[in-house]
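Read the structure below first, then the notes.
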Amino acid sequence: MFTLLKHLFVRETHRNVILRVGQCCHIDYKFQVLKPYNFYSISDEVAIIFQAGGPSAVSLVRDQDIIFQQVTSNEGNGYNGATGRFTCSVPGIYSFSLQHCVDRDRYSHVAIVKDGSILMAGVAHGETWYPCATVQAYVRLQAGEQVWARATWESYLHDDGARMNALSGVLIQQ
């Protein structure tokens with residue numbers, strides 16, 4: 001029987017065995033022995049991941065692209081901080097996340113879009129405080145397809161260091 005580890009630490013009958021996430025193990029029930037096997041995932045072969053933050057405070061009009069220029073990670077160089085767009089170079093299934101924050105008495109209407117079509121959208125309203133909300137989308141991309149964030153209605157984004165706007169993405173399966 002093979003079991004993919006979900007935790008970093010596994011307790012064995014007589015001793016502790018530490019295996020890395022991504023390793024697989026075979027449990028021999030006859031002898032109560034844990035034998036590790038290497039499990040090679042997509043992360044061992046190719047890394048596509050990005051995260052970008054900002055803008056700090058901006059008013060947006062309907063259908064305006066949101067450009068996150070403060071790029072903190074960009075493995076695979078798929079994200080362009082000047083345009084705010086991620087361009088797929090490795091086909092596969094991706095996860096994208098968009099956090100948007102808003103001032104009191106204001107709204108943010110945002111979406112994650114793929115080549116102009118909305119994948120997932122959300123709204124935040126600062127009724128009494130400065131809330132943040134997150135929109136997440138999973139999508140299969142082909143090489144050359146693009147994903148970015150866009151305002152779906154008049155919106156205002158607020159970022160003060162304690163509340164941050166950000167767009168991120170990661171290849172989860174090739």
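Chains: A, B, ... in order of the structure tokens. Residues: from 1 per chain. Ligands: from 1, in order shown.
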message: With only C-alpha atoms as the counted atoms, please give the residues lying no more than 10 Å from Ile112 in chain A, apart from itself and same-chain residues fewer than 6 positions off, as an MDAnalysis selection string.
response: chainID A and resid 65:66 96:98 118:122 135:137 147:152 167
- request: Skip Ser95 in chain A itself and residues of its chain fewer than 6 positions away, then list as a ChimeraX atom specification all residues within 7 Å of it, counting only C-alpha atoms.
  value: /A:137-139,169-172
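Note that CA of Arg104 in chain A and CA of Ser155 in chain A are 12.3 Å apart.
With distances restricted to only C-alpha atoms, A:Gln146 is the closest residue to Val113 in chain A from A:Glu127, A:Tyr94, A:Gln146, A:Ala82.
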task: Could you please write out, as a ChimeraX atom specification, every residue of range 19-154 of chain A that DSSP assigns to strand (DSSP E or B)?
output: /A:24-28,33-37,49-53,57-60,65-66,70-75,79-80,85-87,92-101,107-114,117-125,132-141,146-151
